[in-house]
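All remarks here apply to the structure that follows.
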4 protein chains.
Amino acid sequence: MTTFSEIAPLLEGQAIEVPSWAYGNSGTRFKVFGTPGTPRTPEEKIADAATVHRFTGLAPSVALHIPWDQVDDFAALRRYAEDLGIALGTVNSNTFQDDDYKLGALTHTDKRIRQKAIDHHLACIDVMDQTGSRDLKIWLAEGSNYPGQADMRGRQDRLAESLQTIYDRIGDDQRLVLEYKFFEPAFYHTDVPDWGTSYVQVAALGERAMVCLDTGHHAPGTNIEFIVAQLLRLGKLGSFDFNSRFYADDDLIVGSADPFQLFRILVECARGGAFEADSDVAFMLDQCHNIEKKIPGQIRSVLNVQEMTARALLLDRDALTQAQEDGDVLLANEIFMDAFYTDVRADLAAWREERDLPANPMRAYLESGYQEQIEADRVGGTQAGWN
Amino acid sequence: MTTFSEIAPLLEGQAIEVPSWAYGNSGTRFKVFGTPGTPRTPEEKIADAATVHRFTGLAPSVALHIPWDQVDDFAALRRYAEDLGIALGTVNSNTFQDDDYKLGALTHTDKRIRQKAIDHHLACIDVMDQTGSRDLKIWLAEGSNYPGQADMRGRQDRLAESLQTIYDRIGDDQRLVLEYKFFEPAFYHTDVPDWGTSYVQVAALGERAMVCLDTGHHAPGTNIEFIVAQLLRLGKLGSFDFNSRFYADDDLIVGSADPFQLFRILVECARGGAFEADSDVAFMLDQCHNIEKKIPGQIRSVLNVQEMTARALLLDRDALTQAQEDGDVLLANEIFMDAFYTDVRADLAAWREERDLPANPMRAYLESGYQEQIEADRVGGTQAGWN
Amino acid sequence: MTTFSEIAPLLEGQAIEVPSWAYGNSGTRFKVFGTPGTPRTPEEKIADAATVHRFTGLAPSVALHIPWDQVDDFAALRRYAEDLGIALGTVNSNTFQDDDYKLGALTHTDKRIRQKAIDHHLACIDVMDQTGSRDLKIWLAEGSNYPGQADMRGRQDRLAESLQTIYDRIGDDQRLVLEYKFFEPAFYHTDVPDWGTSYVQVAALGERAMVCLDTGHHAPGTNIEFIVAQLLRLGKLGSFDFNSRFYADDDLIVGSADPFQLFRILVECARGGAFEADSDVAFMLDQCHNIEKKIPGQIRSVLNVQEMTARALLLDRDALTQAQEDGDVLLANEIFMDAFYTDVRADLAAWREERDLPANPMRAYLESGYQEQIEADRVGGTQAGWN
Amino acid sequence: MTTFSEIAPLLEGQAIEVPSWAYGNSGTRFKVFGTPGTPRTPEEKIADAATVHRFTGLAPSVALHIPWDQVDDFAALRRYAEDLGIALGTVNSNTFQDDDYKLGALTHTDKRIRQKAIDHHLACIDVMDQTGSRDLKIWLAEGSNYPGQADMRGRQDRLAESLQTIYDRIGDDQRLVLEYKFFEPAFYHTDVPDWGTSYVQVAALGERAMVCLDTGHHAPGTNIEFIVAQLLRLGKLGSFDFNSRFYADDDLIVGSADPFQLFRILVECARGGAFEADSDVAFMLDQCHNIEKKIPGQIRSVLNVQEMTARALLLDRDALTQAQEDGDVLLANEIFMDAFYTDVRADLAAWREERDLPANPMRAYLESGYQEQIEADRVGGTQAGWN
């Protein structure tokens with residue numbers, strides 16, 4: 001059995017990127033509830049993200065979303081973040097909120113609209129050059145609602161062409177990461193519905209094009225850890241968007257719906273080298289805190305990833321391999337479950353204290369007065385949301 | 001084989017209630033697209049609904065949603081509708097857009113909030129008394145997002161109590177209809193997730209409490225026509241909310257995703273007497289026209305129901321029963337499919353012409369100039385939506 | 001926080017009924033693999049079940065399946081079991097393996113076949129009278145494969161009639177328990193597909209008719225713990241068939257696919273009084289050990305239920321209720337997860353030793369020589385399976 | 001609008017390969033029902049397949065399954081088939097019914113077992129050389145039931161190696177076709193669960209390695225026609241296994257569960273050139289007739305494909321493209337549905353009569369006396385099934 005002290009060094013480098021939009025309001029099509037203390041500006045979102053990092057040591061960068069985080073001076077925003085101890089991370093594009101994109105963007109039949117969408121991505125790369133971001137993440141909200149509405153195959157060809165134009169502009173140290181999603185907001189077909197489609201598209205682009213796996217973007221019953229293993233094997237797992245789901249793309253706190261699934265995913269990450277120093281896999285959150293407080297929601301999320309990573313690393317892989325080769329189904333499963341059932345929370349608390357972090361980051365945050373402060377300060381203005 | 005002329009009389013009485021909100025804007029959590037000509041007021045929605053009826057003869061009433069359709073004088077609104085040739089139908093309550101209801105309404109642990117939600121329903125009944133509506137439809141958006149967040153069982157008890165208070169106020173000619181929904185906007189549990197829960201709750205209330213079946217509110221793979229048959233057998237099928245789905249509650253045009261499923265549902269309606277003169281089953285639409293034009297979208301919808309009803313009525317039920325009793329699986333299926341595959345469109349066009357309706361209601365509408373008129377007229381103001 | 005010593009007394013009475021057929025061979029439609037040591041007779045199955053109880057103290061009874069466990073002298077079989085320290089439990093009927101039942105049994109259009117199926121159940125009750133079994137469990141494999149093949153509604157009526165005849169014969173201390181199943185072996189409709197249908201049928205029968213909830217018999221995404229809560233609230237949860245699934249009715253070891261779901265189910269059991277002394281809820285396994293060894297598979301299963309029950313009992317329900325009433329979503333969830341993440345295995349090992357049970361029942365079994373013995377002894381004859 | 005006479009020539013070449021095992025008995029894990037007249041030998045299966053072709057003109061070849069169709073002299077079997085007017089088609093391998101394959105075959109950790117599985121495939125290629133078959137179809141029943149049981153990634157690597165060895169032996173005019181399947185008989189992971197995995201594996205092999213798409217092997221909600229479009233675009237759609245499903249891999253008659261889905265799939269075939277003379281896409285059935293008669297079940301199946309192909313070809317693709325480019329969602333959908341709703345049955349009946357085929361093949365078969373003949377003749381022996 002692997003011990004906690006053996007895996008402690010591997011936990012040192014763990015970095016989970018938080019999304020700026022998690023600090024703003026979000027909701028469903030039925031209602032977006034506002035909450036006291038919600039940021040009004042990109043700076044306030046970044047301040048909240050930095051707070052998560054200060055209490056956990058786990059979230060050294062924050063992802064941006066353009067245009068939600070559009071500012072005049074991204075270099076200044078970068079310095080602002082760095083002064084707070086975090087970096088600006090992945091830049092996320094948005095081609096789903098402009099009226100022109102109602103029926104498509106990078107896949108649209110109208111060349112003018114395709115070019116507009118391409119230009120938006122080129123502008124995002126300009127932002128990346130200023131923020132020092134490595135990854136351009138493209139989630140395509142494109143698809144169709146009714147059979148016959150769209151030529152699915154022609155759209156696939158146009159998508160390839162549009163992506164190629166964007167990829168050609170990506171710098172040598174930058175990457176294009178293509179997310180896939182089963183459905184929503186399109187309800188009949190989406191243009192990149194599964195890992196296979198994303199893989200085929202990025203494989204055609206080149207080495208710096210990768211797949212993004214959002215844990216909430218699969219059909220019911222999908223074995224997600226298999227996809228993780230496969231993409232790592234193919235060298236094409238660019239990044240994770242972590243969250244939880246019971247039904248659709250619920251965007252709940254990672255690890256809250258099926259913690260054992262999160263464990264299995266992280267075991268495949270360990271198996272595939274994604275926690276090693278030379279790994280380029282980005283671990284990000286993509287969540288909505290519709291009804292719970294946002295900063296504590298993010299703290300819980302990064303802690304969940306850390307706790308489950310520790311369990312995954314505790315897995316005695318040598319013993320497991322032996323049991324697998326012996327064909328001992330029950331023993332192999334027992335070794336696997338043993339790691340999952342090990343309660344790592346006390347060890348992690350001690351580990352944090354050794355590193356001058358609060359043993360219980362959640363309690364420390366709640367007692368810090370930060371929440372009361374922002375609720376008092378952030379009065380007036382427009383609370384940030386998905387716009 | 002049953003012939004079209006034999007079923008024609010049964011089509012006479014078909015009435016499909018359209019929802020006022022289908023004429024307003026709707027969308028996903030990502031974006032609500034506006035469209036030219038969208039109504040700004042309840043009156044304009046009713047005018048559009050009346051237009052659908054004028055071209056199809058199928059939609060003699062329109063459902064209201066409170067507070068989206070709140071007006072000062074409902075008696076006047078009723079006269080307005082009647083002057084346009086339609087009636088005001090089901091009144092839909094709304095307990096999901098007030099900040100107080102973030103964690104529950106009729107099920108909330110706080111008695112004050114439960115009472116507020118109850119009072120809203122009593123106010124809806126007041127509206128019904130003025131509009132002449134028969135049905136109060138309750139869709140509960142209530143539930144929880146995280147395991148542990150709520151006491152599911154306590155909520156069920158509080159729901160029963162709240163519903164009883166509302167039911168006690170329902171008039172002798174009115175009904176309470178309780179909708180169920182698998183998920184959304186709550187993502188871990190919903191308080192009325194399935195027909196069983198709705199049935200148990202309304203059975204406890206009394207004879208004038210019924211179940212509403214929304215065709216988009218089930219788990220993947222659910223055999224919906226079985227539920228239709230069961231609720232008709234139990235005398236508890238109050239109403240349908242028709243729409244289509246591929247994945248979740250997509251709210252697409254009825255019959256567009258799986259027309260054969262719609263056929264099977266309507267066959268059970270015929271089997272269970274729901275098309276007969278003394279049936280109290282209400283056939284309603286509940287749809288979103290996120291990207292397509294709304295009035296033509298509604299016309300297409302009611303035509304789809306009519307066309308599929310005709311096919312369902314064409315089913316040779318005597319021959320089918322014989323094949324079933326003979327245990328002839330293939331013949332029974334062939335008889336069933338024969339009705340589904342029969343193209344009734346030409347017969348229906350002739351049927352319409354005999355009744356001074358346009359043979360092709362869709363084309364007639366598009367050529368009528370109504371759409372251009374509203375697009376020209378409805379400038380300024382705030383387009384109606386889900387608020 | 002509740003402590004282990006506080007919950008220890010509640011664990012005393014835990015009893016999990018094992019199914020005789022779990023010790024025989026099982027498989028998929030593609031292949032049933034045989035294994036050395038598989039029982040050839042009901043007696044050998046009972047001996048294996050008794051072995052599971054001897055090592056765990058958790059499995060004091062074994063369910064029978066008629067005709068798979070048909071013997072000439074059930075009184076003798078009962079004495080045989082009692083001599084080995086276990087009781088004979090639930091009797092399961094079988095109306096799916098006789099050619100007559102190809103298109104239905106209790107629901108068949110042919111009165112002769114219905115009567116045959118009813119008679120089989122009456123014979124099962126005769127067996128119960130001899131074995132001292134309380135429960136007659138009815139799982140209906142009935143349904144249809146093709147739309148049109150069957151009159152779903154007529155079958156529901158015939159089912160009610162058949163069940164009434166069987167129920168009338170049930171003794172005062174006996175119960176009829178009706179299982180529901182989403183699909184398989186019927187692929188279009190099943191006659192009792194969901195808890196609502198089972199509830200409606202047993203509610204019509206009377207007080208001693210109850211619902212059986214098999215954890216693998218639901219649509220994807222179904223919130224099973226909600227159903228547990230609802231049935232307990234209605235006083236109609238008769239029994240569980242525990243197992244695990246990733247996709248369909250996979251019948252894997254309970255707790256192996258989604259341990260957190262098992263926890264949530266057991267929390268609702270605690271919430272609803274199912275672990276209390278006066279509870280009549282039967283906790284059974286219904287599993288297939290297609291590729292793993294059967295006796296260790298059963299040991300693992302009952303241990304999984306015990307371990308998760310301990311976690312569920314550790315839940316600090318007072319603190320949880322307070323957090324729920326405060327509307328503190330994150331705290332409520334944290335309290336809930338805290339119980340789930342608590343590693344109870346060492347405490348349970350000590351608990352077992354205090355009761356003269358092996359601390360590690362799995363290891364003790366593997367070292368006991370029982371497996372080697374049965375593999376050596378049980379040579380020749382026909383290994384038991386689903387026939 | 002395209003007319004039937006315009007598409008008639010395209011229907012000429014339609015060929016649907018039937019599976020030999022569809023004529024044998026099949027069932028679920030619960031029961032395999034026998035039926036009078038079931039073949040006892042490969043020759044009798046071929047005779048039945050030839051009968052389907054004789055009455056429909058649609059099924060000129062029959063797929064074999066090794067070892068279920070193992071004979072001493074495949075050249076003789078080929079002549080036997082050809083004398084009856086049909087060819088021997090795809091050869092299907094079987095690595096799921098030998099005890100050695102309990103935990104894997106081409107992916108097994110034990111090199112001996114991998115080699116055994118490879119050798120079986122080489123023997124299948126020997127058969128192909130004798131039967132003149134073009135395609136070796138590999139469906140892998142491999143996977144695992146419990147998390148931890150297997151190293152999913154290592155298995156992927158071993159699979160690649162095993163497939164390469166087999167592919168190296170494939171002749172210049174032969175193909176290797178790799179099927180994927182979501183689950184069953186493995187219940188936690190399957191080694192080729194989705195089109196992406198199959199594509200990645202066959203793309204690594206070479207030009208004569210292709211993907212087989214079984215319509216029943218997807219997660220709930222999967223847009224299958226998208227996959228069809230994608231694989232045709234990539235030039236990697238080797239073959240179809242047609243059947244229908246409501247839940248899992250139900251293997252029902254093609255077109256019986258969701259005829260509109262079949263239409264959409266065939267529209268993408270037309271869009272992607274799969275009906276053109278130079279297309280190499282193989283259209284096969286893979287079904288189980290568990291409760292219905294087998295030969296009529298197959299006749300119904302090939303007719304369903306033909307009828308839906310006719311509808312798909314009737315689609316006015318020029319008008320559709322125009323509506324798509326105009327962004328007219330409702331018109332595009334209407335054009336699409338118009339083809340689906342067109343009743344082609346009378347036209348097809350006339351088309352058949354022009355070709356000396358019975359207008360109604362089903363009725364002609366039932367009146368032919370063939371069924372009575374085989375029921376009388378095939379007495380004694382062992383009815384063929386999945387063994």
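Chain labels follow the order of the structure tokens: the first chain is A, the next B, and so on; residue numbering restarts at 1 in every chain, and ligands are counted from 1 in their shown order.
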| query | Which residues, written as a ChimeraX atom specification, have at least one atom at most 9 Å from range 44-48 of chain B, with only C-alpha atoms counted and residues fewer than 4 positions away on the same chain left out? | reply | /B:20-24,38-40,52-53,62,77,80-81,84,86,88,295,384
Chain B residues near chain A within 6 Å, closest pair each, using only C-alpha atoms, as a Markdown table:
```
| residue | atom | partner | partner_atom | distance |
| --- | --- | --- | --- | --- |
| B:Thr28 | CA | A:Arg29 | CA | 5.2 |
| B:Arg29 | CA | A:Arg29 | CA | 4.3 |
| B:Lys31 | CA | A:Gln97 | CA | 5.7 |
| B:Gln97 | CA | A:Lys31 | CA | 5.7 |
```
Can I get the selected residues back with C-alpha atoms, as a short mmCIF file (atom, residue, chain, number, x, y, z; two decimals), in the first residue's frame?
```cif
data_model
loop_
_atom_site.label_atom_id
_atom_site.label_comp_id
_atom_site.auth_asym_id
_atom_site.auth_seq_id
_atom_site.Cartn_x
_atom_site.Cartn_y
_atom_site.Cartn_z
CA THR B 28 -31.32 28.69 -23.53
CA ARG B 29 -29.23 29.79 -20.56
CA LYS B 31 -28.78 33.27 -25.21
CA GLN B 97 -38.63 33.51 -10.68
#
```
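One distance worth recording is that between CA of Asn223 in chain B and CA of Glu325 in chain B, which is 22.4 Å.
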| task | Would you please extract all alpha helix (DSSP H) residues from range 131-364 of chain B, as assigned by DSSP on the backbone, and give them as a PyMOL selection string? | result | chain B and resi 131+152-169+195-205+224-233+259-271+294-314+317-325+329-341+345-354+361-364
| Residues of range 127-280 of chain D in strand (DSSP E or B), written as number ranges by chain | D: 135-139, 143-144, 175-179, 189-190, 209-214, 237-242, 244, 252
